[in-house]
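Below: data.txt (compact mmCIF, C-alpha atoms)
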# COMPACT_ATOMS: atom_id res chain seq x y z
CA MET A 11 151.49 103.26 123.05
CA ILE A 12 154.84 104.06 124.60
CA LYS A 13 156.94 101.61 126.57
CA VAL A 14 160.39 101.85 128.13
CA GLN A 15 161.49 98.45 129.31
CA GLN A 16 164.39 96.14 130.03
CA GLN A 17 162.88 93.05 128.42
CA ASP A 18 162.85 92.25 124.72
CA PHE A 19 159.81 92.87 122.51
CA ASP A 20 158.14 90.63 119.95
CA GLN A 21 157.61 92.27 116.57
CA ALA A 22 154.79 89.93 115.58
CA HIS A 23 152.92 90.81 118.77
CA GLU A 24 153.55 94.54 118.30
CA TYR A 25 152.34 94.30 114.70
CA GLN A 26 149.08 92.69 115.82
CA THR A 27 148.62 95.42 118.44
CA LEU A 28 149.15 98.10 115.78
CA LEU A 29 146.36 96.52 113.70
CA ASN A 30 143.69 97.17 116.36
CA ASN A 31 140.90 99.43 115.11
CA THR A 32 142.69 100.39 111.92
CA ASP A 33 140.16 99.38 109.24
CA ALA A 34 140.60 102.82 107.66
CA ASP A 35 144.40 102.51 107.48
CA GLY A 36 146.09 101.00 104.46
CA ALA A 37 149.70 101.31 105.56
CA ILE A 38 151.83 100.08 108.45
CA VAL A 39 155.48 101.06 108.68
CA THR A 40 157.73 99.68 111.40
CA PHE A 41 161.36 100.32 112.26
CA VAL A 42 163.59 98.27 114.53
CA GLY A 43 167.00 99.42 115.73
CA LYS A 44 169.40 96.71 116.93
CA VAL A 45 172.87 96.44 118.43
CA ARG A 46 175.59 96.08 115.79
CA ASN A 47 179.04 94.60 116.33
CA HIS A 48 181.08 97.62 115.30
CA ASN A 49 181.13 101.40 115.63
CA LEU A 50 183.59 103.92 114.20
CA GLY A 51 186.06 101.18 113.32
CA GLN A 52 185.97 99.44 116.70
CA ASN A 53 184.57 96.08 117.68
CA VAL A 54 181.57 96.36 119.96
CA LYS A 55 180.61 93.53 122.33
CA GLY A 56 177.45 95.05 123.72
CA LEU A 57 175.75 98.16 125.03
CA HIS A 58 174.51 99.53 128.29
CA LEU A 59 171.56 101.89 127.95
CA GLU A 60 170.92 104.48 130.62
CA HIS A 61 167.91 106.81 130.70
CA TYR A 62 166.28 109.53 132.78
CA PRO A 63 163.28 107.57 134.08
CA GLU A 64 161.10 110.52 135.09
CA MET A 65 161.59 112.26 131.75
CA THR A 66 161.74 109.50 129.13
CA GLN A 67 158.04 108.71 128.82
CA LYS A 68 157.14 112.39 128.50
CA ALA A 69 159.86 113.08 125.91
CA LEU A 70 158.65 110.16 123.77
CA MET A 71 155.04 111.23 124.17
CA ASP A 72 155.92 114.75 122.98
CA ILE A 73 157.58 113.35 119.83
CA VAL A 74 154.59 111.11 119.05
CA GLN A 75 152.25 114.03 119.65
CA GLN A 76 154.20 116.18 117.20
CA ALA A 77 154.04 113.43 114.59
CA LYS A 78 150.28 113.11 115.09
CA THR A 79 149.89 116.85 114.56
CA ARG A 80 151.85 116.73 111.30
CA TRP A 81 150.41 113.58 109.75
CA ASN A 82 147.06 111.88 109.90
CA LEU A 83 148.00 108.74 111.83
CA GLY A 84 146.12 105.78 113.25
CA ASN A 85 148.10 103.88 115.88
CA VAL A 86 151.63 104.65 116.98
CA THR A 87 153.85 102.39 119.09
CA VAL A 88 157.26 103.31 120.46
CA ILE A 89 159.25 100.82 122.55
CA HIS A 90 162.75 101.56 123.81
CA ARG A 91 164.83 99.14 125.82
CA ILE A 92 167.21 100.00 128.66
CA GLY A 93 169.90 98.09 130.54
CA ASP A 94 172.47 95.67 129.12
CA LEU A 95 172.09 94.55 125.50
CA LEU A 96 174.20 92.12 123.48
CA ILE A 97 175.09 92.13 119.77
CA GLY A 98 172.03 91.54 117.64
CA GLU A 99 169.54 92.42 120.36
CA GLN A 100 166.69 94.77 119.56
CA ILE A 101 166.92 98.28 121.03
CA VAL A 102 163.99 100.24 119.69
CA PHE A 103 160.68 99.65 117.90
CA ILE A 104 158.68 102.30 116.08
CA GLY A 105 155.37 101.36 114.44
CA VAL A 106 152.98 103.70 112.67
CA THR A 107 149.70 103.14 110.83
CA SER A 108 148.08 105.55 108.40
CA ALA A 109 145.60 105.64 105.52
CA HIS A 110 148.43 105.87 102.97
CA ARG A 111 152.06 104.79 102.90
CA LYS A 112 153.70 108.21 102.50
CA ASN A 113 152.39 109.50 105.83
CA ALA A 114 153.35 106.27 107.56
CA PHE A 115 156.91 106.24 106.14
CA GLU A 116 157.48 109.90 106.95
CA ALA A 117 156.01 109.77 110.45
CA CYS A 118 158.07 106.68 111.32
CA GLU A 119 161.28 108.38 110.18
CA PHE A 120 160.34 111.61 111.97
CA ILE A 121 159.82 109.74 115.26
CA ILE A 122 163.14 107.88 115.17
CA ASP A 123 165.00 111.01 114.02
CA TYR A 124 163.65 113.07 116.93
CA LEU A 125 164.07 110.24 119.40
CA LYS A 126 167.77 110.24 118.57
CA VAL A 127 168.25 113.91 119.48
CA SER A 128 165.67 114.60 122.18
CA ALA A 129 164.81 111.50 124.20
CA PRO A 130 167.01 111.12 127.30
CA PHE A 131 168.80 107.84 126.56
CA TRP A 132 172.57 107.30 126.60
CA LYS A 133 174.52 104.36 125.22
CA LYS A 134 177.71 103.04 126.74
CA GLU A 135 179.63 100.70 124.46
CA LEU A 136 181.48 97.67 125.71
CA THR A 137 184.50 97.26 123.43
CA ASP A 138 187.71 95.21 123.42
CA ASN A 139 189.36 98.28 124.99
CA GLY A 140 186.87 98.70 127.81
CA GLU A 141 183.73 100.78 128.26
CA LYS A 142 183.06 104.03 126.49
CA TRP A 143 180.13 106.45 126.38
CA LEU A 144 178.96 107.00 122.86
CA GLU A 145 179.28 110.53 121.55
CA ALA A 146 176.33 112.13 119.79
CA ARG A 147 176.67 112.29 116.01
CA LYS A 148 176.47 115.56 114.12
CA SER A 149 174.67 113.66 111.35
CA ASP A 150 171.80 112.89 113.76
CA GLU A 151 171.44 116.59 114.55
CA GLN A 152 171.50 117.46 110.86
CA GLN A 153 168.93 114.79 110.12
CA VAL A 154 166.20 116.53 112.15
CA THR A 155 166.70 119.82 110.33
CA LYS A 156 165.00 118.23 107.33
CA TRP A 157 161.72 118.23 109.26
CA MET B 17 156.52 123.26 149.08
CA SER B 18 160.19 122.46 149.14
CA ASN B 19 162.52 125.43 149.14
CA GLU B 20 165.24 123.39 147.53
CA ILE B 21 166.20 122.72 143.94
CA ASN B 22 166.82 119.09 143.09
CA VAL B 23 169.72 118.60 140.72
CA LYS B 24 170.39 115.42 138.73
CA PHE B 25 173.25 114.29 136.49
CA PHE B 26 173.25 111.51 133.93
CA ALA B 27 175.53 109.26 131.89
CA ALA B 28 179.11 110.44 131.25
CA LEU B 29 178.57 113.63 133.27
CA ARG B 30 177.34 111.62 136.28
CA GLU B 31 180.51 109.52 136.11
CA THR B 32 182.82 112.52 135.66
CA LEU B 33 181.31 114.29 138.67
CA ASN B 34 180.96 111.03 140.56
CA CYS B 35 177.54 112.24 141.65
CA ASP B 36 174.04 111.36 140.46
CA GLY B 37 172.32 114.24 142.17
CA LEU B 38 172.02 116.63 145.09
CA SER B 39 169.79 119.36 146.47
CA ILE B 40 170.72 123.00 146.78
CA PRO B 41 168.78 125.55 148.82
CA HIS B 42 166.90 128.01 146.66
CA ASN B 43 167.56 131.71 147.32
CA GLU B 44 166.91 135.03 145.64
CA SER B 45 170.16 134.98 143.71
CA ILE B 46 169.04 131.87 141.79
CA THR B 47 166.72 132.84 138.97
CA THR B 48 167.93 130.83 135.97
CA ILE B 49 169.45 127.43 135.32
CA ALA B 50 172.77 129.22 134.66
CA ASP B 51 172.63 130.47 138.28
CA VAL B 52 172.13 126.89 139.48
CA LYS B 53 175.29 125.96 137.61
CA GLN B 54 177.18 128.81 139.28
CA VAL B 55 176.13 127.63 142.74
CA LEU B 56 177.24 124.08 141.92
CA ILE B 57 180.62 125.32 140.70
CA ALA B 58 181.05 127.59 143.73
CA ASN B 59 180.51 124.54 145.97
CA LYS B 60 182.77 122.28 143.90
CA PRO B 61 185.34 124.13 141.80
CA ASP B 62 186.33 120.81 140.13
CA TRP B 63 182.95 120.83 138.42
CA GLN B 64 183.72 124.01 136.47
CA ALA B 65 185.07 122.30 133.35
CA PRO B 66 182.50 119.51 133.02
CA LEU B 67 179.59 121.91 133.66
CA ALA B 68 180.99 124.55 131.28
CA SER B 69 180.80 122.22 128.27
CA ASN B 70 178.89 123.89 125.43
CA SER B 71 177.28 120.64 124.40
CA LEU B 72 175.71 120.02 127.82
CA LEU B 73 171.92 119.66 127.73
CA MET B 74 169.60 120.83 130.48
CA ALA B 75 166.10 119.98 131.59
CA VAL B 76 163.78 121.61 134.12
CA ASN B 77 160.95 119.45 135.43
CA HIS B 78 161.62 116.87 132.69
CA GLU B 79 161.50 119.31 129.79
CA MET B 80 164.59 120.31 127.82
CA VAL B 81 165.41 124.01 128.19
CA GLN B 82 168.11 126.60 127.49
CA SER B 83 170.41 127.98 130.19
CA ASP B 84 168.39 131.20 130.56
CA HIS B 85 165.32 129.18 131.63
CA LEU B 86 163.83 130.34 134.92
CA VAL B 87 163.94 128.07 137.94
CA LYS B 88 162.04 128.19 141.21
CA ALA B 89 162.05 126.36 144.52
CA GLY B 90 160.89 122.75 144.18
CA ASP B 91 162.10 122.40 140.58
CA GLU B 92 164.04 119.40 139.34
CA VAL B 93 167.00 120.50 137.24
CA ALA B 94 168.99 117.96 135.21
CA PHE B 95 172.28 118.25 133.35
CA PHE B 96 173.38 115.64 130.83
CA PRO B 97 175.45 115.06 127.69
CA PRO B 98 173.86 114.97 124.23
CA VAL B 99 171.53 111.99 124.04
CA THR B 100 172.46 108.84 122.12
CA GLY B 101 169.43 106.54 122.17
CA GLY B 102 167.65 104.80 119.32
Reformat the file's structure so that it appears as structure tokens.
Amino acid sequence: MIKVQQQDFDQAHEYQTLLNNTDADGAIVTFVGKVRNHNLGQNVKGLHLEHYPEMTQKALMDIVQQAKTRWNLGNVTVIHRIGDLLIGEQIVFIGVTSAHRKNAFEACEFIIDYLKVSAPFWKKELTDNGEKWLEARKSDEQQVTKW
Amino acid sequence: MSNEINVKFFAALRETLNCDGLSIPHNESITTIADVKQVLIANKPDWQAPLASNSLLMAVNHEMVQSDHLVKAGDEVAFFPPVTGG
């Protein structure tokens, strides 16, 4: 299940949804990304998240599809929020179920790693010195080379 | 079918160009996404520098592509900075 939405998500609810029809799965791995109060030495007050509406769903679906080709997975949920987010707010949820933990851990990491370099989202930081578009990190690009 | 190419810009690039999108008429001289860029720059010379950035990403019909990707009438072409979601 893939969702791109402004409103917050409830991890407990998403966990229950992931459990559906997974009697054969012994592992659930979830990841949540949230807004932190600092970046590169600067105070951050919040974020604005822009996306490319017509492309986002497809880009996320492609990543999930790749993960399902590589690992034997049960359910996969990806939720990404857009709009204005304050410190501490949740940004992204990835949940993966699989028969064994290794596949679930790896697939979850694969999905967030690829999301960071290929899904059309952009963050604008609100700092004490005004607004600033975040620049992509080389480390994120390097991270996907491991897959 | 439309004989135009729909162009979209996002995030920092959209703000730099002060434009979120436009349509350009498709003609025989436009075969790749690089040609689309040339037409945009010919119309607005100010756009040369922002559109020449090596890090710029491109998508045709919602799929990321390289600048030699072929385009045809009716396509949606998007230019944007490296993505920073997650």
Using only C-alpha atoms, find the residues of chain B whose closest atom to chain A is at most 6 Å away, then write them as a PDB file with C-alpha atoms, keeping the file's coordinate frame.
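Contents of the output file result-v4.pdb:
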ATOM      1  CA  HIS B  78     161.620 116.870 132.690  1.00  0.00           C
ATOM      2  CA  PRO B  98     173.860 114.970 124.230  1.00  0.00           C
ATOM      3  CA  VAL B  99     171.530 111.990 124.040  1.00  0.00           C
ATOM      4  CA  THR B 100     172.460 108.840 122.120  1.00  0.00           C
ATOM      5  CA  GLY B 101     169.430 106.540 122.170  1.00  0.00           C
ATOM      6  CA  GLY B 102     167.650 104.800 119.320  1.00  0.00           C
TER       7      GLY B 102
END
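Interatomic distance, CA of Ser71 (chain B) against CA of Val23 (chain B): 18.1 Å.
Picture a line from CA of Ala75 (chain B) to CA of Leu83 (chain A); it runs 29.1 Å.
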Hey, can you check how far CA of Gln16 (chain A) sits from CA of Gly98 (chain A)?
15.3 Å
Near-Met74 (chain B) list (9 Å; all atoms listed in the file; drop same-chain fewer than 5 positions) as a PyMOL selection string
chain B and resi 49+79-83+93-97
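Nearest to Leu29 (chain B) of all the residues B:Thr47, B:Val55, B:Ala68, B:Pro41 is B:Ala68, based on all atoms listed in the file.
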Residue neighbourhood Asp138 (chain A), 10 Å, only C-alpha atoms, exclusion window fewer than 2 positions, as an MDAnalysis selection string:
chainID A and resid 52:55 135:136 140:141
For Ala22 (chain A), work out the shell of residues within 12 Å, counting all atoms listed in the file and skipping chain neighbours fewer than 4 positions away, then give it as a list in words.
Gln26, Thr27, Leu28, Leu29, Thr40, Phe103 and Gly105 of chain A
Suppose we keep C-alpha atoms; can you now write the selection as a short mmCIF file (atom, residue, chain, number, x, y, z; two decimals), keeping the file's coordinate frame?
data_model
loop_
_atom_site.label_atom_id
_atom_site.label_comp_id
_atom_site.auth_asym_id
_atom_site.auth_seq_id
_atom_site.Cartn_x
_atom_site.Cartn_y
_atom_site.Cartn_z
CA GLN A 26 149.08 92.69 115.82
CA THR A 27 148.62 95.42 118.44
CA LEU A 28 149.15 98.10 115.78
CA LEU A 29 146.36 96.52 113.70
CA THR A 40 157.73 99.68 111.40
CA PHE A 103 160.68 99.65 117.90
CA GLY A 105 155.37 101.36 114.44
#
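Distances here use only C-alpha atoms; by that measure, the residue among A:Asp18, A:Glu99, A:Asp35, A:Asp94 closest to Arg111 (chain A) is A:Asp35.
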Taking all atoms listed in the file into account, which of B:Arg30, B:Lys53, B:His42, B:Lys24 comes nearest Asp84 (chain B)?
B:Lys53
Could you give me the centre and size, in Å to one decimal, of an axis-aligned box around all listed atoms of region 75-90 of chain A with 8 Å added on every side, as lines of an AutoDock Vina configuration file?
center_x = 154.4
center_y = 108.8
center_z = 116.8
size_x = 32.6
size_y = 32.0
size_z = 30.1
